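Heads up, coords_10.tsv below (TSV, N, CA and C atoms):
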chain	number	residue	atom	x	y	z
A	58	MET	N	92.65	183.01	130.80
A	58	MET	CA	91.95	181.95	131.49
A	58	MET	C	90.73	182.54	132.18
A	59	GLU	N	89.61	181.88	132.02
A	59	GLU	CA	88.36	182.27	132.67
A	59	GLU	C	88.08	181.31	133.83
A	60	ASN	N	87.62	181.86	134.94
A	60	ASN	CA	87.26	181.05	136.11
A	60	ASN	C	85.93	181.53	136.66
A	61	GLN	N	85.17	180.61	137.17
A	61	GLN	CA	83.92	180.98	137.84
A	61	GLN	C	83.67	179.99	138.97
A	62	THR	N	83.23	180.51	140.12
A	62	THR	CA	82.94	179.67	141.27
A	62	THR	C	81.44	179.66	141.53
A	63	TYR	N	80.92	178.48	141.89
A	63	TYR	CA	79.49	178.29	142.11
A	63	TYR	C	79.26	177.57	143.43
A	64	THR	N	78.06	177.74	143.97
A	64	THR	CA	77.62	176.98	145.14
A	64	THR	C	76.42	176.15	144.72
A	65	VAL	N	76.43	174.87	145.06
A	65	VAL	CA	75.39	173.95	144.63
A	65	VAL	C	74.14	174.13	145.48
A	66	LEU	N	73.00	174.35	144.81
A	66	LEU	CA	71.70	174.47	145.47
A	66	LEU	C	70.94	173.14	145.43
A	67	ALA	N	71.13	172.39	144.37
A	67	ALA	CA	70.38	171.16	144.16
A	67	ALA	C	70.59	170.17	145.30
A	68	GLU	N	69.48	169.58	145.78
A	68	GLU	CA	69.55	168.65	146.91
A	68	GLU	C	70.48	167.48	146.66
A	69	SER	N	70.47	166.98	145.45
A	69	SER	CA	71.29	165.80	145.15
A	69	SER	C	72.66	166.16	144.56
A	70	GLY	N	73.00	167.45	144.56
A	70	GLY	CA	74.32	167.85	144.09
A	70	GLY	C	74.51	167.66	142.61
A	71	ILE	N	75.75	167.50	142.20
A	71	ILE	CA	76.06	167.26	140.78
A	71	ILE	C	76.05	165.75	140.57
A	72	HIS	N	74.84	165.23	140.44
A	72	HIS	CA	74.68	163.79	140.21
A	72	HIS	C	74.70	163.51	138.70
A	73	ALA	N	74.26	162.36	138.28
A	73	ALA	CA	74.41	161.93	136.89
A	73	ALA	C	73.78	162.88	135.87
A	74	ARG	N	72.54	163.32	136.10
A	74	ARG	CA	71.87	164.16	135.10
A	74	ARG	C	72.60	165.50	134.89
A	75	PRO	N	72.84	166.28	135.95
A	75	PRO	CA	73.56	167.54	135.71
A	75	PRO	C	74.99	167.32	135.21
A	76	ALA	N	75.62	166.26	135.66
A	76	ALA	CA	76.98	165.98	135.18
A	76	ALA	C	76.96	165.68	133.68
A	77	THR	N	75.96	164.95	133.24
A	77	THR	CA	75.83	164.66	131.81
A	77	THR	C	75.62	165.95	131.02
A	78	GLY	N	74.76	166.83	131.52
A	78	GLY	CA	74.54	168.11	130.85
A	78	GLY	C	75.81	168.93	130.78
A	79	LEU	N	76.56	168.96	131.86
A	79	LEU	CA	77.83	169.70	131.87
A	79	LEU	C	78.80	169.15	130.82
A	80	VAL	N	78.92	167.85	130.78
A	80	VAL	CA	79.85	167.22	129.83
A	80	VAL	C	79.42	167.51	128.39
A	81	GLN	N	78.12	167.43	128.12
A	81	GLN	CA	77.63	167.69	126.76
A	81	GLN	C	77.94	169.12	126.33
A	82	ILE	N	77.70	170.07	127.22
A	82	ILE	CA	77.98	171.47	126.88
A	82	ILE	C	79.48	171.68	126.74
A	83	ALA	N	80.25	171.19	127.68
A	83	ALA	CA	81.71	171.38	127.63
A	83	ALA	C	82.31	170.80	126.35
A	84	SER	N	81.76	169.70	125.90
A	84	SER	CA	82.29	169.03	124.71
A	84	SER	C	82.06	169.83	123.43
A	85	GLU	N	81.20	170.82	123.47
A	85	GLU	CA	80.93	171.66	122.30
A	85	GLU	C	82.01	172.72	122.09
A	86	TYR	N	82.92	172.86	123.04
A	86	TYR	CA	83.92	173.94	122.99
A	86	TYR	C	85.33	173.38	122.84
A	87	ALA	N	86.17	174.15	122.18
A	87	ALA	CA	87.56	173.74	121.96
A	87	ALA	C	88.43	173.96	123.19
A	88	SER	N	88.04	174.88	124.05
A	88	SER	CA	88.85	175.21	125.23
A	88	SER	C	89.00	174.02	126.17
A	89	GLU	N	90.10	174.06	126.90
A	89	GLU	CA	90.30	173.07	127.96
A	89	GLU	C	89.45	173.50	129.14
A	90	LEU	N	88.57	172.62	129.60
A	90	LEU	CA	87.65	172.94	130.69
A	90	LEU	C	87.86	171.97	131.83
A	91	THR	N	88.04	172.52	133.02
A	91	THR	CA	88.22	171.67	134.20
A	91	THR	C	87.29	172.13	135.31
A	92	VAL	N	86.93	171.20	136.15
A	92	VAL	CA	86.14	171.50	137.35
A	92	VAL	C	87.02	171.17	138.55
A	93	GLU	N	87.00	172.05	139.56
A	93	GLU	CA	87.83	171.88	140.74
A	93	GLU	C	86.95	171.89	141.99
A	94	TYR	N	87.17	170.88	142.84
A	94	TYR	CA	86.43	170.77	144.10
A	94	TYR	C	87.34	170.13	145.14
A	95	LYS	N	87.44	170.75	146.28
A	95	LYS	CA	88.30	170.27	147.37
A	95	LYS	C	89.71	169.97	146.88
A	96	GLU	N	90.28	170.90	146.12
A	96	GLU	CA	91.65	170.83	145.62
A	96	GLU	C	91.89	169.67	144.65
A	97	LYS	N	90.81	169.07	144.14
A	97	LYS	CA	90.92	168.04	143.11
A	97	LYS	C	90.35	168.61	141.82
A	98	LYS	N	90.98	168.28	140.71
A	98	LYS	CA	90.53	168.76	139.41
A	98	LYS	C	90.15	167.59	138.53
A	99	ALA	N	89.16	167.85	137.66
A	99	ALA	CA	88.75	166.83	136.70
A	99	ALA	C	88.43	167.50	135.38
A	100	ASN	N	88.61	166.75	134.31
A	100	ASN	CA	88.25	167.22	132.97
A	100	ASN	C	86.73	167.35	132.90
A	101	LEU	N	86.24	168.53	132.55
A	101	LEU	CA	84.79	168.75	132.48
A	101	LEU	C	84.16	168.05	131.29
A	102	LYS	N	84.96	167.51	130.40
A	102	LYS	CA	84.45	166.78	129.25
A	102	LYS	C	84.39	165.28	129.52
A	103	SER	N	84.63	164.89	130.77
A	103	SER	CA	84.61	163.47	131.17
A	103	SER	C	83.56	163.25	132.24
A	104	ILE	N	82.55	162.44	131.93
A	104	ILE	CA	81.49	162.17	132.91
A	104	ILE	C	82.07	161.49	134.15
A	105	LEU	N	83.00	160.58	133.96
A	105	LEU	CA	83.60	159.91	135.11
A	105	LEU	C	84.40	160.89	135.96
A	106	GLY	N	85.09	161.81	135.29
A	106	GLY	CA	85.86	162.81	136.02
A	106	GLY	C	84.97	163.70	136.87
A	107	VAL	N	83.88	164.16	136.29
A	107	VAL	CA	82.96	165.04	137.02
A	107	VAL	C	82.31	164.28	138.17
A	108	MET	N	81.82	163.07	137.90
A	108	MET	CA	81.13	162.28	138.93
A	108	MET	C	82.09	161.88	140.06
A	109	SER	N	83.34	161.67	139.74
A	109	SER	CA	84.30	161.22	140.76
A	109	SER	C	84.56	162.27	141.83
A	110	LEU	N	84.25	163.52	141.56
A	110	LEU	CA	84.48	164.58	142.55
A	110	LEU	C	83.46	164.55	143.67
A	111	GLY	N	82.28	163.99	143.41
A	111	GLY	CA	81.26	163.88	144.47
A	111	GLY	C	80.81	165.23	145.01
A	112	ILE	N	80.47	166.14	144.12
A	112	ILE	CA	80.06	167.50	144.53
A	112	ILE	C	78.62	167.46	145.03
A	113	GLY	N	78.43	167.73	146.30
A	113	GLY	CA	77.11	167.66	146.92
A	113	GLY	C	76.48	169.02	147.16
A	114	GLN	N	75.27	168.97	147.71
A	114	GLN	CA	74.54	170.21	148.01
A	114	GLN	C	75.33	171.07	148.98
A	115	GLY	N	75.36	172.36	148.71
A	115	GLY	CA	76.07	173.31	149.56
A	115	GLY	C	77.55	173.44	149.25
A	116	ALA	N	78.06	172.58	148.39
A	116	ALA	CA	79.49	172.60	148.05
A	116	ALA	C	79.80	173.78	147.14
A	117	SER	N	81.00	174.28	147.25
A	117	SER	CA	81.49	175.33	146.38
A	117	SER	C	82.53	174.71	145.44
A	118	PHE	N	82.35	174.92	144.15
A	118	PHE	CA	83.29	174.38	143.18
A	118	PHE	C	83.57	175.42	142.12
A	119	SER	N	84.65	175.24	141.38
A	119	SER	CA	85.05	176.19	140.35
A	119	SER	C	85.18	175.50	139.00
A	120	ILE	N	84.90	176.28	137.97
A	120	ILE	CA	85.13	175.82	136.61
A	120	ILE	C	86.16	176.74	135.99
A	121	HIS	N	87.15	176.14	135.36
A	121	HIS	CA	88.23	176.87	134.72
A	121	HIS	C	88.19	176.57	133.22
A	122	ALA	N	88.37	177.60	132.43
A	122	ALA	CA	88.37	177.44	130.98
A	122	ALA	C	89.59	178.15	130.41
A	123	GLU	N	90.26	177.49	129.48
A	123	GLU	CA	91.42	178.09	128.83
A	123	GLU	C	91.42	177.69	127.37
A	124	GLY	N	91.36	178.70	126.51
A	124	GLY	CA	91.38	178.42	125.09
A	124	GLY	C	90.71	179.54	124.31
A	125	THR	N	90.54	179.29	123.02
A	125	THR	CA	90.04	180.34	122.13
A	125	THR	C	88.58	180.73	122.40
A	126	ASP	N	87.79	179.82	122.94
A	126	ASP	CA	86.38	180.12	123.20
A	126	ASP	C	86.04	179.99	124.69
A	127	GLU	N	87.00	180.32	125.53
A	127	GLU	CA	86.82	180.14	126.97
A	127	GLU	C	85.66	180.94	127.55
A	128	GLN	N	85.50	182.18	127.13
A	128	GLN	CA	84.43	183.00	127.67
A	128	GLN	C	83.05	182.46	127.27
A	129	GLU	N	82.92	182.05	126.02
A	129	GLU	CA	81.65	181.49	125.55
A	129	GLU	C	81.34	180.19	126.29
A	130	ALA	N	82.35	179.39	126.54
A	130	ALA	CA	82.14	178.13	127.25
A	130	ALA	C	81.65	178.37	128.68
A	131	ILE	N	82.28	179.30	129.38
A	131	ILE	CA	81.86	179.61	130.75
A	131	ILE	C	80.43	180.13	130.77
A	132	GLU	N	80.10	180.99	129.82
A	132	GLU	CA	78.74	181.55	129.76
A	132	GLU	C	77.71	180.44	129.52
A	133	ALA	N	78.00	179.52	128.61
A	133	ALA	CA	77.06	178.44	128.30
A	133	ALA	C	76.89	177.52	129.51
A	134	ILE	N	77.96	177.21	130.17
A	134	ILE	CA	77.90	176.35	131.35
A	134	ILE	C	77.12	177.04	132.47
A	135	GLU	N	77.41	178.31	132.67
A	135	GLU	CA	76.71	179.06	133.71
A	135	GLU	C	75.22	179.16	133.41
A	136	ASN	N	74.85	179.40	132.15
A	136	ASN	CA	73.44	179.44	131.78
A	136	ASN	C	72.76	178.12	132.10
A	137	TYR	N	73.39	177.03	131.76
A	137	TYR	CA	72.82	175.70	132.04
A	137	TYR	C	72.63	175.49	133.54
A	138	LEU	N	73.67	175.76	134.30
A	138	LEU	CA	73.61	175.51	135.75
A	138	LEU	C	72.57	176.37	136.45
A	139	THR	N	72.45	177.62	136.06
A	139	THR	CA	71.49	178.50	136.72
A	139	THR	C	70.06	178.24	136.25
A	140	LEU	N	69.87	178.01	134.95
A	140	LEU	CA	68.53	177.74	134.45
A	140	LEU	C	67.96	176.44	135.01
A	141	GLU	N	68.82	175.47	135.26
A	141	GLU	CA	68.38	174.19	135.84
A	141	GLU	C	68.24	174.27	137.36
A	142	GLY	N	68.60	175.40	137.94
A	142	GLY	CA	68.49	175.56	139.40
A	142	GLY	C	69.51	174.74	140.17
A	143	ILE	N	70.62	174.44	139.54
A	143	ILE	CA	71.63	173.58	140.17
A	143	ILE	C	72.57	174.39	141.06
A	144	VAL	N	72.84	175.63	140.67
A	144	VAL	CA	73.81	176.44	141.42
A	144	VAL	C	73.32	177.86	141.62
A	145	GLU	N	74.05	178.56	142.48
A	145	GLU	CA	73.95	180.01	142.57
A	145	GLU	C	75.36	180.54	142.46
A	146	LEU	N	75.46	181.80	142.05
A	146	LEU	CA	76.79	182.40	141.90
A	146	LEU	C	77.31	182.90	143.23
When written as structure tokens, how does the structure in this file appear?
Amino acid sequence: MENQTYTVLAESGIHARPATGLVQIASEYASELTVEYKEKKANLKSILGVMSLGIGQGASFSIHAEGTDEQEAIEAIENYLTLEGIVEL
């Protein structure tokens, strides 16, 4: 299992646009991907699940990946989040 924790830099947090990007990337991988925030977990392949967590600026959240391509999935998600300026490690 791969895990990575991030802190949100973006003023508007994980709103619709970044959540959509996360779901699109996550959906390209076979691994089970979840996002965890304030002890709540959601399927990273579900836009409603991601949006329902309400991850705002300054929040710390984790992404968990489990499966055959877990490392590649975490790397792709991390590249997206950092290149878009949404998070810091």
Which neighbours of segment 69-81 of chain A fall inside 5 Å, counting only N, CA and C atoms, when residues of the same chain fewer than 5 positions from it are skipped, and could you give them as a CSV table (one decimal) with N, CA and C atoms, in the coordinates of the input?
chain,number,residue,atom,x,y,z
A,101,LEU,N,86.2,168.5,132.6
A,101,LEU,CA,84.8,168.8,132.5
A,101,LEU,C,84.2,168.0,131.3
A,102,LYS,N,85.0,167.5,130.4
A,102,LYS,CA,84.4,166.8,129.2
A,102,LYS,C,84.4,165.3,129.5
A,112,ILE,N,80.5,166.1,144.1
A,112,ILE,CA,80.1,167.5,144.5
A,112,ILE,C,78.6,167.5,145.0
A,113,GLY,N,78.4,167.7,146.3
A,113,GLY,CA,77.1,167.7,146.9
A,113,GLY,C,76.5,169.0,147.2
A,114,GLN,N,75.3,169.0,147.7
A,114,GLN,CA,74.5,170.2,148.0
A,114,GLN,C,75.3,171.1,149.0
Atom CA of Glu127 of chain A to atom CA of Glu68 of chain A, distance in Å rounded to a single decimal:
28.8 Å
What is the distance between atom C of Ile143 of chain A and atom C of Thr64 of chain A, in Å to one decimal?
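Straight-line distance from atom C of Ile143 of chain A to atom C of Thr64 of chain A works out to 5.6 Å.
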Top pick for closest residue to Thr62 of chain A, considering A:Ser117, A:Thr91, A:Ser109, A:Asn136 and counting only N, CA and C atoms
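Selected residue with least distance to Thr62 of chain A: A:Ser117.
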From a backbone DSSP assignment, name each residue in chain A labelled alpha helix (DSSP H), as a count of residues only.
31
Distance atom N of Thr125 of chain A-atom N of Gly106 of chain A, one decimal place?
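It comes out at 22.0 Å.
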Pick out each residue of chain A that DSSP on the backbone tags as strand (DSSP E or B); I need them as a list in words.
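Here are the strand (DSSP E or B) residues of chain A: Glu59, Asn60, Gln61, Thr62, Tyr63, Thr64, Val65, Glu89, Leu90, Thr91, Val92, Glu93, Tyr94, Lys97, Lys98, Ala99, Asn100, Ser117, Phe118, Ser119, Ile120, His121, Ala122, Glu123, Val144 and Glu145 of chain A.
For Ala116 of chain A, the set of protein, DNA and RNA residues having any atom at most 6.5 Å away, when counting all atoms listed in the file and skipping those fewer than 6 positions along the same chain, is Tyr63, Thr64, Val65 and Leu66 of chain A.
Nearest to Ala67 of chain A of all the residues A:Glu89, A:Glu145, A:Asp126, A:Glu132 is A:Glu145, counting all atoms listed in the file.
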Spatial sel., origin (80.3, 181.4, 133.9), limit 8 Å, only N, CA and C atoms, listed as a count of residues only:
14
Which residue of A:Ile104, A:Glu141, A:Gly111, A:Ser119 approaches Val92 of chain A most closely, using all atoms listed in the file:
A:Ser119
Closest to Leu90 of chain A among A:Leu110, A:Leu146, A:Met58, A:Ala122, using only N, CA and C atoms?
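So, comparing all the options, the nearest one is A:Ala122.
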